[in-house]
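Printed here is final_19.pdb (PDB, C-alpha atoms, pLDDT in the B column):
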```
MODEL        1
ATOM      1  CA  MET A   1      15.735 -10.708 -18.195  1.00 65.00           C
ATOM      2  CA  LYS A   2      15.365  -7.020 -18.955  1.00 87.00           C
ATOM      3  CA  TYR A   3      14.395  -5.991 -15.397  1.00 96.00           C
ATOM      4  CA  SER A   4      15.579  -7.585 -12.165  1.00 96.00           C
ATOM      5  CA  THR A   5      12.208  -7.244 -10.389  1.00 98.00           C
ATOM      6  CA  TYR A   6       8.692  -6.417 -11.545  1.00 98.00           C
ATOM      7  CA  ILE A   7       7.053  -4.453  -8.713  1.00 98.00           C
ATOM      8  CA  PHE A   8       3.263  -4.157  -8.907  1.00 98.00           C
ATOM      9  CA  ASP A   9       0.944  -1.707  -7.262  1.00 98.00           C
ATOM     10  CA  LEU A  10      -2.185  -3.509  -5.980  1.00 97.00           C
ATOM     11  CA  ASP A  11      -5.302  -1.310  -6.266  1.00 94.00           C
ATOM     12  CA  GLY A  12      -6.011  -0.388  -9.870  1.00 94.00           C
ATOM     13  CA  THR A  13      -3.146  -2.538 -11.180  1.00 97.00           C
ATOM     14  CA  LEU A  14      -3.661  -6.129 -10.055  1.00 97.00           C
ATOM     15  CA  SER A  15      -7.211  -5.774  -8.774  1.00 95.00           C
ATOM     16  CA  ASN A  16     -10.198  -3.443  -8.884  1.00 94.00           C
ATOM     17  CA  PRO A  17     -11.143  -2.546  -5.296  1.00 91.00           C
ATOM     18  CA  LEU A  18     -13.706   0.177  -6.059  1.00 91.00           C
ATOM     19  CA  ALA A  19     -16.901  -1.419  -4.761  1.00 90.00           C
ATOM     20  CA  GLY A  20     -15.347  -2.618  -1.508  1.00 91.00           C
ATOM     21  CA  MET A  21     -13.420   0.590  -0.884  1.00 89.00           C
ATOM     22  CA  ALA A  22     -16.471   2.750  -1.586  1.00 90.00           C
ATOM     23  CA  ASP A  23     -18.568   0.720   0.844  1.00 92.00           C
ATOM     24  CA  SER A  24     -15.913   0.950   3.562  1.00 91.00           C
ATOM     25  CA  ILE A  25     -15.182   4.655   2.976  1.00 91.00           C
ATOM     26  CA  ASN A  26     -18.888   5.507   3.151  1.00 92.00           C
ATOM     27  CA  HIS A  27     -19.269   3.386   6.286  1.00 93.00           C
ATOM     28  CA  ALA A  28     -16.395   5.285   7.924  1.00 92.00           C
ATOM     29  CA  LEU A  29     -17.665   8.688   6.788  1.00 92.00           C
ATOM     30  CA  THR A  30     -21.196   8.155   8.116  1.00 94.00           C
ATOM     31  CA  GLU A  31     -19.848   6.710  11.369  1.00 93.00           C
ATOM     32  CA  HIS A  32     -18.065  10.037  11.923  1.00 93.00           C
ATOM     33  CA  GLY A  33     -20.917  12.291  10.849  1.00 92.00           C
ATOM     34  CA  HIS A  34     -20.051  12.889   7.188  1.00 92.00           C
ATOM     35  CA  GLY A  35     -22.166  12.293   4.099  1.00 91.00           C
ATOM     36  CA  LYS A  36     -21.625   9.437   1.681  1.00 92.00           C
ATOM     37  CA  ARG A  37     -19.749   9.950  -1.582  1.00 90.00           C
ATOM     38  CA  SER A  38     -20.527   8.575  -5.026  1.00 91.00           C
ATOM     39  CA  LEU A  39     -18.625   5.761  -6.729  1.00 89.00           C
ATOM     40  CA  ASP A  40     -17.265   8.199  -9.319  1.00 89.00           C
ATOM     41  CA  GLU A  41     -15.903  10.542  -6.657  1.00 87.00           C
ATOM     42  CA  ILE A  42     -14.288   7.728  -4.695  1.00 86.00           C
ATOM     43  CA  ALA A  43     -12.791   6.251  -7.892  1.00 86.00           C
ATOM     44  CA  SER A  44     -10.911   9.503  -8.491  1.00 83.00           C
ATOM     45  CA  TYR A  45      -9.161   9.126  -5.122  1.00 80.00           C
ATOM     46  CA  ILE A  46      -7.974   5.503  -5.408  1.00 83.00           C
ATOM     47  CA  GLY A  47      -4.210   5.175  -5.523  1.00 78.00           C
ATOM     48  CA  PRO A  48      -2.618   7.740  -3.180  1.00 76.00           C
ATOM     49  CA  PRO A  49      -2.327   6.998   0.575  1.00 78.00           C
ATOM     50  CA  LEU A  50      -5.700   6.769   2.317  1.00 79.00           C
ATOM     51  CA  GLU A  51      -5.141   9.543   4.860  1.00 84.00           C
ATOM     52  CA  GLY A  52      -4.623  12.073   2.062  1.00 82.00           C
ATOM     53  CA  THR A  53      -7.704  10.827   0.266  1.00 80.00           C
ATOM     54  CA  LEU A  54      -9.905  11.174   3.339  1.00 85.00           C
ATOM     55  CA  ALA A  55      -8.464  14.599   4.149  1.00 86.00           C
ATOM     56  CA  ASP A  56      -9.560  15.733   0.680  1.00 84.00           C
ATOM     57  CA  VAL A  57     -12.961  14.070   1.002  1.00 84.00           C
ATOM     58  CA  ILE A  58     -13.852  15.747   4.313  1.00 88.00           C
ATOM     59  CA  GLY A  59     -11.955  18.974   3.621  1.00 87.00           C
ATOM     60  CA  SER A  60      -9.931  18.822   6.838  1.00 84.00           C
ATOM     61  CA  THR A  61      -6.306  18.500   7.916  1.00 83.00           C
ATOM     62  CA  ASP A  62      -7.159  17.549  11.521  1.00 86.00           C
ATOM     63  CA  ALA A  63      -4.812  14.591  12.021  1.00 87.00           C
ATOM     64  CA  ASP A  64      -6.784  13.031  14.908  1.00 89.00           C
ATOM     65  CA  ARG A  65     -10.067  13.273  13.018  1.00 90.00           C
ATOM     66  CA  ILE A  66      -8.570  11.776   9.871  1.00 89.00           C
ATOM     67  CA  SER A  67      -6.854   9.011  11.852  1.00 89.00           C
ATOM     68  CA  ALA A  68     -10.172   8.051  13.452  1.00 92.00           C
ATOM     69  CA  ILE A  69     -11.883   7.808  10.047  1.00 92.00           C
ATOM     70  CA  VAL A  70      -8.964   5.786   8.638  1.00 89.00           C
ATOM     71  CA  GLY A  71      -9.316   3.399  11.599  1.00 90.00           C
ATOM     72  CA  SER A  72     -13.043   2.945  10.971  1.00 93.00           C
ATOM     73  CA  TYR A  73     -12.397   2.378   7.287  1.00 89.00           C
ATOM     74  CA  ARG A  74      -9.730  -0.247   7.901  1.00 89.00           C
ATOM     75  CA  ASP A  75     -11.836  -2.108  10.471  1.00 91.00           C
ATOM     76  CA  HIS A  76     -14.721  -2.354   8.002  1.00 91.00           C
ATOM     77  CA  TYR A  77     -12.486  -3.172   5.022  1.00 87.00           C
ATOM     78  CA  ARG A  78     -10.761  -6.047   6.858  1.00 86.00           C
ATOM     79  CA  ILE A  79     -14.135  -7.608   7.685  1.00 87.00           C
ATOM     80  CA  ALA A  80     -16.140  -7.019   4.514  1.00 84.00           C
ATOM     81  CA  GLY A  81     -14.672  -4.589   2.020  1.00 83.00           C
ATOM     82  CA  TYR A  82     -11.627  -6.573   0.916  1.00 81.00           C
ATOM     83  CA  SER A  83     -13.736  -9.416  -0.501  1.00 84.00           C
ATOM     84  CA  ASN A  84     -15.789  -7.040  -2.664  1.00 85.00           C
ATOM     85  CA  ASN A  85     -12.877  -6.807  -5.074  1.00 88.00           C
ATOM     86  CA  HIS A  86     -11.905  -8.552  -8.316  1.00 93.00           C
ATOM     87  CA  LEU A  87      -8.784  -9.228 -10.338  1.00 96.00           C
ATOM     88  CA  TYR A  88      -8.500  -7.525 -13.704  1.00 97.00           C
ATOM     89  CA  ASP A  89      -8.874  -9.800 -16.719  1.00 96.00           C
ATOM     90  CA  GLY A  90      -5.492 -11.139 -17.759  1.00 97.00           C
ATOM     91  CA  THR A  91      -3.823 -10.658 -14.368  1.00 97.00           C
ATOM     92  CA  ILE A  92      -3.342 -14.337 -13.541  1.00 97.00           C
ATOM     93  CA  ASP A  93      -2.145 -15.155 -17.062  1.00 97.00           C
ATOM     94  CA  MET A  94       0.358 -12.304 -16.841  1.00 98.00           C
ATOM     95  CA  LEU A  95       1.637 -13.512 -13.451  1.00 98.00           C
ATOM     96  CA  ASN A  96       1.879 -17.086 -14.715  1.00 97.00           C
ATOM     97  CA  LYS A  97       3.967 -16.050 -17.700  1.00 96.00           C
ATOM     98  CA  LEU A  98       6.241 -13.866 -15.565  1.00 97.00           C
ATOM     99  CA  LYS A  99       6.794 -16.804 -13.218  1.00 95.00           C
ATOM    100  CA  GLN A 100       7.435 -19.202 -16.118  1.00 95.00           C
ATOM    101  CA  ALA A 101      10.025 -16.747 -17.456  1.00 95.00           C
ATOM    102  CA  GLY A 102      11.809 -16.769 -14.100  1.00 95.00           C
ATOM    103  CA  ALA A 103      10.993 -13.142 -13.293  1.00 95.00           C
ATOM    104  CA  SER A 104      11.245 -11.815  -9.751  1.00 97.00           C
ATOM    105  CA  VAL A 105       7.896 -10.227  -8.813  1.00 98.00           C
ATOM    106  CA  GLY A 106       6.773  -8.175  -5.810  1.00 98.00           C
ATOM    107  CA  VAL A 107       3.990  -5.888  -4.586  1.00 98.00           C
ATOM    108  CA  CYS A 108       4.314  -2.299  -3.338  1.00 98.00           C
ATOM    109  CA  THR A 109       1.013  -0.867  -2.152  1.00 96.00           C
ATOM    110  CA  SER A 110      -0.162   1.950   0.088  1.00 91.00           C
ATOM    111  CA  LYS A 111      -2.400  -0.553   1.867  1.00 89.00           C
ATOM    112  CA  PRO A 112      -1.075  -1.974   5.162  1.00 89.00           C
ATOM    113  CA  LYS A 113       0.866  -5.175   4.550  1.00 94.00           C
ATOM    114  CA  PRO A 114      -1.566  -7.431   6.490  1.00 93.00           C
ATOM    115  CA  THR A 115      -4.505  -6.164   4.420  1.00 90.00           C
ATOM    116  CA  ALA A 116      -2.629  -6.498   1.136  1.00 94.00           C
ATOM    117  CA  THR A 117      -1.522 -10.015   2.068  1.00 95.00           C
ATOM    118  CA  MET A 118      -5.108 -10.951   2.949  1.00 92.00           C
ATOM    119  CA  ILE A 119      -6.308  -9.732  -0.460  1.00 93.00           C
ATOM    120  CA  LEU A 120      -3.593 -11.628  -2.341  1.00 96.00           C
ATOM    121  CA  LYS A 121      -4.452 -14.785  -0.371  1.00 95.00           C
ATOM    122  CA  HIS A 122      -8.161 -14.217  -1.136  1.00 92.00           C
ATOM    123  CA  PHE A 123      -7.351 -14.349  -4.851  1.00 94.00           C
ATOM    124  CA  GLY A 124      -4.920 -17.248  -4.442  1.00 96.00           C
ATOM    125  CA  ILE A 125      -2.009 -15.298  -5.929  1.00 97.00           C
ATOM    126  CA  LEU A 126       0.204 -14.580  -2.903  1.00 98.00           C
ATOM    127  CA  ASP A 127       2.741 -17.239  -3.916  1.00 97.00           C
ATOM    128  CA  TYR A 128       3.575 -15.357  -7.122  1.00 98.00           C
ATOM    129  CA  PHE A 129       5.254 -12.598  -5.092  1.00 98.00           C
ATOM    130  CA  GLU A 130       8.622 -12.646  -3.400  1.00 98.00           C
ATOM    131  CA  PHE A 131       7.704  -9.729  -1.135  1.00 98.00           C
ATOM    132  CA  VAL A 132       4.756  -7.524  -0.200  1.00 98.00           C
ATOM    133  CA  SER A 133       5.575  -3.944   0.822  1.00 98.00           C
ATOM    134  CA  GLY A 134       2.679  -2.250   2.612  1.00 95.00           C
ATOM    135  CA  GLY A 135       2.242   1.360   3.651  1.00 89.00           C
ATOM    136  CA  ASP A 136       0.914   3.080   6.730  1.00 81.00           C
ATOM    137  CA  VAL A 137      -0.267   6.526   7.759  1.00 77.00           C
ATOM    138  CA  GLY A 138       2.395   9.079   6.812  1.00 80.00           C
ATOM    139  CA  ILE A 139       4.397   6.645   4.670  1.00 88.00           C
ATOM    140  CA  LYS A 140       4.673   7.419   0.955  1.00 92.00           C
ATOM    141  CA  LYS A 141       5.330   4.909  -1.805  1.00 95.00           C
ATOM    142  CA  GLY A 142       8.677   6.507  -2.611  1.00 97.00           C
ATOM    143  CA  GLN A 143       9.769   5.720   0.949  1.00 97.00           C
ATOM    144  CA  GLN A 144       8.595   2.131   0.549  1.00 98.00           C
ATOM    145  CA  LEU A 145      10.695   1.662  -2.586  1.00 98.00           C
ATOM    146  CA  GLN A 146      13.641   3.316  -0.837  1.00 98.00           C
ATOM    147  CA  GLN A 147      13.321   0.772   1.978  1.00 97.00           C
ATOM    148  CA  LEU A 148      13.118  -2.133  -0.470  1.00 98.00           C
ATOM    149  CA  LEU A 149      16.367  -0.903  -2.014  1.00 98.00           C
ATOM    150  CA  ALA A 150      17.999  -0.493   1.388  1.00 98.00           C
ATOM    151  CA  ASP A 151      16.936  -4.011   2.409  1.00 97.00           C
ATOM    152  CA  GLY A 152      18.331  -5.495  -0.789  1.00 97.00           C
ATOM    153  CA  LEU A 153      14.957  -6.862  -1.890  1.00 97.00           C
ATOM    154  CA  ILE A 154      15.250  -4.898  -5.150  1.00 98.00           C
ATOM    155  CA  ASP A 155      18.049  -3.147  -7.018  1.00 97.00           C
ATOM    156  CA  ASN A 156      18.182  -0.228  -9.443  1.00 96.00           C
ATOM    157  CA  GLN A 157      17.259  -2.495 -12.354  1.00 97.00           C
ATOM    158  CA  ALA A 158      13.729  -3.008 -10.973  1.00 98.00           C
ATOM    159  CA  ILE A 159      10.597  -1.597 -12.622  1.00 98.00           C
ATOM    160  CA  MET A 160       7.592  -0.098 -10.777  1.00 98.00           C
ATOM    161  CA  ILE A 161       4.205  -0.838 -12.371  1.00 98.00           C
ATOM    162  CA  GLY A 162       1.100   1.124 -11.391  1.00 98.00           C
ATOM    163  CA  ASP A 163      -1.963   3.018 -12.562  1.00 97.00           C
ATOM    164  CA  ARG A 164      -1.519   6.391 -10.851  1.00 96.00           C
ATOM    165  CA  ASN A 165       1.003   9.220 -10.951  1.00 96.00           C
ATOM    166  CA  VAL A 166       2.097   8.403  -7.384  1.00 95.00           C
ATOM    167  CA  ASP A 167       3.493   5.084  -8.643  1.00 97.00           C
ATOM    168  CA  ILE A 168       5.480   6.783 -11.393  1.00 98.00           C
ATOM    169  CA  ILE A 169       6.768   9.543  -9.121  1.00 98.00           C
ATOM    170  CA  ALA A 170       7.825   6.984  -6.481  1.00 98.00           C
ATOM    171  CA  ALA A 171       9.854   5.139  -9.122  1.00 98.00           C
ATOM    172  CA  GLN A 172      11.482   8.367 -10.313  1.00 98.00           C
ATOM    173  CA  GLN A 173      12.403   9.365  -6.756  1.00 98.00           C
ATOM    174  CA  ASN A 174      14.365   6.127  -6.514  1.00 98.00           C
ATOM    175  CA  LYS A 175      15.801   6.206 -10.059  1.00 98.00           C
ATOM    176  CA  LEU A 176      13.780   3.151 -11.115  1.00 98.00           C
ATOM    177  CA  THR A 177      12.080   2.540 -14.447  1.00 98.00           C
ATOM    178  CA  SER A 178       8.322   3.138 -14.366  1.00 98.00           C
ATOM    179  CA  LEU A 179       5.406   1.595 -16.234  1.00 98.00           C
ATOM    180  CA  GLY A 180       1.914   3.104 -16.186  1.00 98.00           C
ATOM    181  CA  VAL A 181      -1.161   0.953 -16.817  1.00 98.00           C
ATOM    182  CA  LEU A 182      -4.397   2.227 -18.334  1.00 98.00           C
ATOM    183  CA  TRP A 183      -6.906  -0.312 -16.981  1.00 97.00           C
ATOM    184  CA  GLY A 184      -6.945   1.179 -13.475  1.00 95.00           C
ATOM    185  CA  PHE A 185      -7.952   4.586 -12.133  1.00 93.00           C
ATOM    186  CA  GLY A 186      -5.329   6.849 -13.687  1.00 93.00           C
ATOM    187  CA  SER A 187      -5.717   8.416 -17.138  1.00 95.00           C
ATOM    188  CA  LEU A 188      -3.309   8.501 -20.065  1.00 97.00           C
ATOM    189  CA  THR A 189      -2.901  12.234 -19.484  1.00 98.00           C
ATOM    190  CA  GLU A 190      -2.055  11.726 -15.811  1.00 97.00           C
ATOM    191  CA  LEU A 191       0.631   9.178 -16.653  1.00 97.00           C
ATOM    192  CA  GLN A 192       2.068  11.212 -19.516  1.00 98.00           C
ATOM    193  CA  GLU A 193       2.245  14.365 -17.385  1.00 98.00           C
ATOM    194  CA  VAL A 194       4.651  12.635 -14.985  1.00 98.00           C
ATOM    195  CA  ASN A 195       6.665  11.094 -17.855  1.00 98.00           C
ATOM    196  CA  ALA A 196       6.108   7.391 -17.247  1.00 98.00           C
ATOM    197  CA  ASP A 197       8.842   5.450 -19.067  1.00 98.00           C
ATOM    198  CA  HIS A 198       6.304   3.004 -20.516  1.00 97.00           C
ATOM    199  CA  ILE A 199       2.500   2.963 -20.734  1.00 98.00           C
ATOM    200  CA  VAL A 200       0.443  -0.148 -21.542  1.00 98.00           C
ATOM    201  CA  SER A 201      -3.270  -0.748 -21.995  1.00 97.00           C
ATOM    202  CA  ALA A 202      -3.593  -4.465 -21.110  1.00 97.00           C
ATOM    203  CA  PRO A 203      -1.810  -6.876 -18.746  1.00 97.00           C
ATOM    204  CA  PHE A 204      -0.388  -9.013 -21.562  1.00 96.00           C
ATOM    205  CA  GLU A 205       1.547  -5.950 -22.786  1.00 97.00           C
ATOM    206  CA  VAL A 206       3.634  -6.057 -19.593  1.00 96.00           C
ATOM    207  CA  LEU A 207       5.136  -9.275 -20.947  1.00 94.00           C
ATOM    208  CA  LYS A 208       6.669  -7.358 -23.830  1.00 92.00           C
ATOM    209  CA  LEU A 209       9.151  -5.985 -21.314  1.00 90.00           C
ATOM    210  CA  LEU A 210      10.581  -9.439 -20.584  1.00 86.00           C
TER
ENDMDL
END
```

As structure tokens - that is how I would like this structure written.
Amino acid sequence: MKYSTYIFDLDGTLSNPLAGMADSINHALTEHGHGKRSLDEIASYIGPPLEGTLADVIGSTDADRISAIVGSYRDHYRIAGYSNNHLYDGTIDMLNKLKQAGASVGVCTSKPKPTATMILKHFGILDYFEFVSGGDVGIKKGQQLQQLLADGLIDNQAIMIGDRNVDIIAAQQNKLTSLGVLWGFGSLTELQEVNADHIVSAPFEVLKLL
């Protein structure tokens, strides 16, 4: 096995959450007196931690205000938004083949762990993963990977797989190999600019790393 653990981002890597996230973000924005945003605008924000996204959207750094909007978003997403989501074509086949090859597989997402777990259960794929690392307000993905290393759930032969530059940077901060995927919300340019170790355009190409 070339890598000890294959660590997947969730949004934009395993599943496409755009419709559900857009609905929940716009619900939270209007609940707090802000205007709705278009699908295209929201798509450009998917990947980094939610509090940073919403700070950019409303043009504010007021922590209490942002926290309140994040809370409204998460309440709505847990009830309705999470189910308006779909797996990318080839995801289940990729996970099946990784499992058949005896690969260790995990998830590292900026979403809170309970929400990420609920989504994976919704798709019936939770059992493929040996761990689910979720984020929270103020927690960056690099810190999540650092904790996984400290807890012994991964070692320095693991590979981080994601669609945005934050995934690649988090891997680099922890001296892990990185793989950027092109079917999510990040562009080839974005992934090249942060020097992803590998870049693939379809889930089956991940299997070439076995």

Would you translate the PyMOL selection byres ((chain A and resi 168-177) around 9) into the concrete set of residues it matches in this file, as a PDB file with C-alpha atoms, keeping the file's coordinate frame?
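In the end it all went to out_7.pdb:
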```
ATOM      1  CA  TYR A   3      14.395  -5.991 -15.397  1.00 96.00           C
ATOM      2  CA  LYS A 140       4.673   7.419   0.955  1.00 92.00           C
ATOM      3  CA  LYS A 141       5.330   4.909  -1.805  1.00 95.00           C
ATOM      4  CA  GLY A 142       8.677   6.507  -2.611  1.00 97.00           C
ATOM      5  CA  GLN A 143       9.769   5.720   0.949  1.00 97.00           C
ATOM      6  CA  GLN A 144       8.595   2.131   0.549  1.00 98.00           C
ATOM      7  CA  LEU A 145      10.695   1.662  -2.586  1.00 98.00           C
ATOM      8  CA  GLN A 146      13.641   3.316  -0.837  1.00 98.00           C
ATOM      9  CA  LEU A 149      16.367  -0.903  -2.014  1.00 98.00           C
ATOM     10  CA  ASP A 155      18.049  -3.147  -7.018  1.00 97.00           C
ATOM     11  CA  ASN A 156      18.182  -0.228  -9.443  1.00 96.00           C
ATOM     12  CA  GLN A 157      17.259  -2.495 -12.354  1.00 97.00           C
ATOM     13  CA  ALA A 158      13.729  -3.008 -10.973  1.00 98.00           C
ATOM     14  CA  ILE A 159      10.597  -1.597 -12.622  1.00 98.00           C
ATOM     15  CA  MET A 160       7.592  -0.098 -10.777  1.00 98.00           C
ATOM     16  CA  ILE A 161       4.205  -0.838 -12.371  1.00 98.00           C
ATOM     17  CA  GLY A 162       1.100   1.124 -11.391  1.00 98.00           C
ATOM     18  CA  ASP A 163      -1.963   3.018 -12.562  1.00 97.00           C
ATOM     19  CA  ARG A 164      -1.519   6.391 -10.851  1.00 96.00           C
ATOM     20  CA  ASN A 165       1.003   9.220 -10.951  1.00 96.00           C
ATOM     21  CA  VAL A 166       2.097   8.403  -7.384  1.00 95.00           C
ATOM     22  CA  ASP A 167       3.493   5.084  -8.643  1.00 97.00           C
ATOM     23  CA  SER A 178       8.322   3.138 -14.366  1.00 98.00           C
ATOM     24  CA  LEU A 179       5.406   1.595 -16.234  1.00 98.00           C
ATOM     25  CA  GLY A 180       1.914   3.104 -16.186  1.00 98.00           C
ATOM     26  CA  LEU A 191       0.631   9.178 -16.653  1.00 97.00           C
ATOM     27  CA  VAL A 194       4.651  12.635 -14.985  1.00 98.00           C
ATOM     28  CA  ASN A 195       6.665  11.094 -17.855  1.00 98.00           C
ATOM     29  CA  ALA A 196       6.108   7.391 -17.247  1.00 98.00           C
ATOM     30  CA  ASP A 197       8.842   5.450 -19.067  1.00 98.00           C
ATOM     31  CA  HIS A 198       6.304   3.004 -20.516  1.00 97.00           C
TER      32      HIS A 198
END
```

Got a sec to resolve the PyMOL selection byres ((chain A and resi 45) around 10) on this structure and send the residues as number ranges by chain?
A: 40-44, 46-50, 52-54, 56-57, 164, 185-186

List as a list in words: which residues have an atom within 6 Å of (-9.8, -0.3, -8.9), counting all atoms listed in the file?
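Every residue inside that radius is included here: Asp11, Gly12, Asn16, Pro17, Leu18 and Gly184 of chain A.
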
Write a file of the selected residues as a PDB file, in the frame of the given file, keeping C-alpha atoms.
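out_2.pdb, written as the output of this step:
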```pdb
ATOM      1  CA  ASP A  11      -5.302  -1.310  -6.266  1.00 94.00           C
ATOM      2  CA  GLY A  12      -6.011  -0.388  -9.870  1.00 94.00           C
ATOM      3  CA  ASN A  16     -10.198  -3.443  -8.884  1.00 94.00           C
ATOM      4  CA  PRO A  17     -11.143  -2.546  -5.296  1.00 91.00           C
ATOM      5  CA  LEU A  18     -13.706   0.177  -6.059  1.00 91.00           C
ATOM      6  CA  GLY A 184      -6.945   1.179 -13.475  1.00 95.00           C
TER       7      GLY A 184
END
```

Between A:Ser24, A:Ser110, A:Gln100, A:Ser72, which residue has the minimum interatomic distance to Asn84 in chain A, considering all atoms listed in the file?
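Looking only at the distances to Asn84 in chain A, the closest residue turns out to be A:Ser24.
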
Could you give me, as a compact mmCIF listing (two decimals) with C-alpha atoms, in the frame of the given file, the residues that sit within 12 Å of (-0.2, -13.7, -10.4) in the file's coordinates, counting only C-alpha atoms?
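part00.txt, freshly written:
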```txt
# COMPACT_ATOMS: atom_id res chain seq x y z
CA TYR A 6 8.69 -6.42 -11.54
CA ILE A 7 7.05 -4.45 -8.71
CA PHE A 8 3.26 -4.16 -8.91
CA LEU A 10 -2.18 -3.51 -5.98
CA THR A 13 -3.15 -2.54 -11.18
CA LEU A 14 -3.66 -6.13 -10.06
CA SER A 15 -7.21 -5.77 -8.77
CA LEU A 87 -8.78 -9.23 -10.34
CA TYR A 88 -8.50 -7.52 -13.70
CA ASP A 89 -8.87 -9.80 -16.72
CA GLY A 90 -5.49 -11.14 -17.76
CA THR A 91 -3.82 -10.66 -14.37
CA ILE A 92 -3.34 -14.34 -13.54
CA ASP A 93 -2.14 -15.16 -17.06
CA MET A 94 0.36 -12.30 -16.84
CA LEU A 95 1.64 -13.51 -13.45
CA ASN A 96 1.88 -17.09 -14.72
CA LYS A 97 3.97 -16.05 -17.70
CA LEU A 98 6.24 -13.87 -15.56
CA LYS A 99 6.79 -16.80 -13.22
CA GLN A 100 7.44 -19.20 -16.12
CA ALA A 103 10.99 -13.14 -13.29
CA SER A 104 11.24 -11.82 -9.75
CA VAL A 105 7.90 -10.23 -8.81
CA GLY A 106 6.77 -8.18 -5.81
CA VAL A 107 3.99 -5.89 -4.59
CA LEU A 120 -3.59 -11.63 -2.34
CA LYS A 121 -4.45 -14.78 -0.37
CA PHE A 123 -7.35 -14.35 -4.85
CA GLY A 124 -4.92 -17.25 -4.44
CA ILE A 125 -2.01 -15.30 -5.93
CA LEU A 126 0.20 -14.58 -2.90
CA ASP A 127 2.74 -17.24 -3.92
CA TYR A 128 3.58 -15.36 -7.12
CA PHE A 129 5.25 -12.60 -5.09
CA GLU A 130 8.62 -12.65 -3.40
CA PRO A 203 -1.81 -6.88 -18.75
```

Give one line per residue of range 122-182 of chain A that approaches range 60-70 of chain A to at most 12 Å, naming the two atoms of the closest pair and their distance in Å to one decimal, counting all atoms listed in the file; sort by chain then ascending residue number and deliver it as JSON lines.
```
{"residue": "A:Asp136", "atom": "CA", "partner": "A:Val70", "partner_atom": "CA", "distance": 10.4}
{"residue": "A:Val137", "atom": "CA", "partner": "A:Ser67", "partner_atom": "CA", "distance": 8.1}
{"residue": "A:Gly138", "atom": "CA", "partner": "A:Ala63", "partner_atom": "CA", "distance": 10.5}
```

Can you list, as a list in words, every protein, DNA or RNA residue that comes within 8 Å of Ile119 in chain A when you count only C-alpha atoms, leaving out same-chain residues fewer than 3 positions away?
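Contacts, in chain order: Tyr82, Ser83, Thr115, Ala116, His122 and Phe123 of chain A.
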
So, counting all atoms listed in the file, which residue among A:Val181, A:His27, A:Phe204, A:Thr189 is closest to Ala80 in chain A?
A:His27
